[in-house]
Amino acid sequence: MKTSGIVRRVDELGRVVLPIELRRSLGIEERDCLEITLEDDRIILQKQESSCIFCGAETDLLEHRGKFICAKCLQEVSDQED
């Protein structure tokens with residue numbers, strides 16, 4: 001595992017600021033979602049890529065209220081409503 005040597009304090013609300021250099025190098029933009037996972041005694045932050053909430057597809061997506069659905073799943077949902 002590569003270390004950056006950067007140390008940040010957790011504030012009173014539990015927040016940690018990611019340095020701009022780190023965000024730029026990882027392509028993390030303002031308002032991006034980060035997935036938080038635990039692995040042994042480590043906290044892992046990973047940029048969440050857009051994917052369908054039903055099947056996980058990453059192409060042909062439509063966004064509705066901050067959630068993504070692919071065209072295939074949208075068609076299946078629409079067919080069930082008819």
# chains A, B, ... in the order shown; residues from 1 in each chain; ligands from 1
>>> residues_around(residues="region 15-29 of chain A", least_positions_apart="6", cutoff="7 Å", atoms="only C-alpha atoms", output="JSON, numbers by chain")
{"A": [8, 9, 47]}
>>> select_by_dssp(residues="region 9-51 of chain A", states="helix (DSSP H, G or I)", output="ChimeraX atom specification")
/A:20-26
>>> atom_distance(atom1="CA of Leu34 (chain A)", atom2="CA of Leu74 (chain A)")
25.1 Å
>>> select_by_dssp(residues="chain A", states="strand (DSSP E or B)", output="PyMOL selection string")
chain A and resi 34-39+42-47+61-64+67-70
>>> residues_around(residues="Ile53 (chain A)", least_positions_apart="2", cutoff="10 Å", atoms="only C-alpha atoms", output="short mmCIF file (atom, residue, chain, number, x, y, z; two decimals) with N, CA and C atoms, in the first residue's frame")
data_model
loop_
_atom_site.label_atom_id
_atom_site.label_comp_id
_atom_site.auth_asym_id
_atom_site.auth_seq_id
_atom_site.Cartn_x
_atom_site.Cartn_y
_atom_site.Cartn_z
N SER A 50 -20.92 5.67 -11.38
CA SER A 50 -22.35 5.58 -11.65
C SER A 50 -22.68 4.21 -12.21
N SER A 51 -23.71 3.59 -11.62
CA SER A 51 -24.17 2.29 -12.12
C SER A 51 -25.65 2.13 -11.80
N CYS A 55 -29.15 -3.61 -11.65
CA CYS A 55 -28.28 -4.66 -12.20
C CYS A 55 -26.80 -4.31 -12.15
N GLY A 56 -26.46 -3.05 -11.83
CA GLY A 56 -25.06 -2.66 -11.74
C GLY A 56 -24.42 -2.25 -13.06
N ALA A 57 -25.20 -2.23 -14.15
CA ALA A 57 -24.65 -1.82 -15.45
C ALA A 57 -24.10 -0.40 -15.36
N GLU A 58 -23.05 -0.14 -16.12
CA GLU A 58 -22.41 1.18 -16.09
C GLU A 58 -22.60 1.96 -17.39
N LYS A 67 -30.31 8.79 -8.44
CA LYS A 67 -30.11 7.35 -8.65
C LYS A 67 -30.02 7.09 -10.14
N PHE A 68 -29.34 6.01 -10.50
CA PHE A 68 -29.16 5.67 -11.90
C PHE A 68 -29.88 4.36 -12.21
N ILE A 69 -30.48 4.30 -13.40
CA ILE A 69 -31.12 3.08 -13.88
C ILE A 69 -30.78 2.94 -15.36
N CYS A 70 -30.45 1.73 -15.78
CA CYS A 70 -30.10 1.52 -17.19
C CYS A 70 -31.39 1.38 -18.01
N CYS A 73 -33.31 -2.05 -17.56
CA CYS A 73 -34.09 -2.17 -16.33
C CYS A 73 -35.28 -1.23 -16.34
#
>>> closest_residue(among="A:Leu38, A:Leu13, A:Ala71, A:Val77", to="Cys52 (chain A)", atoms="only C-alpha atoms")
A:Ala71
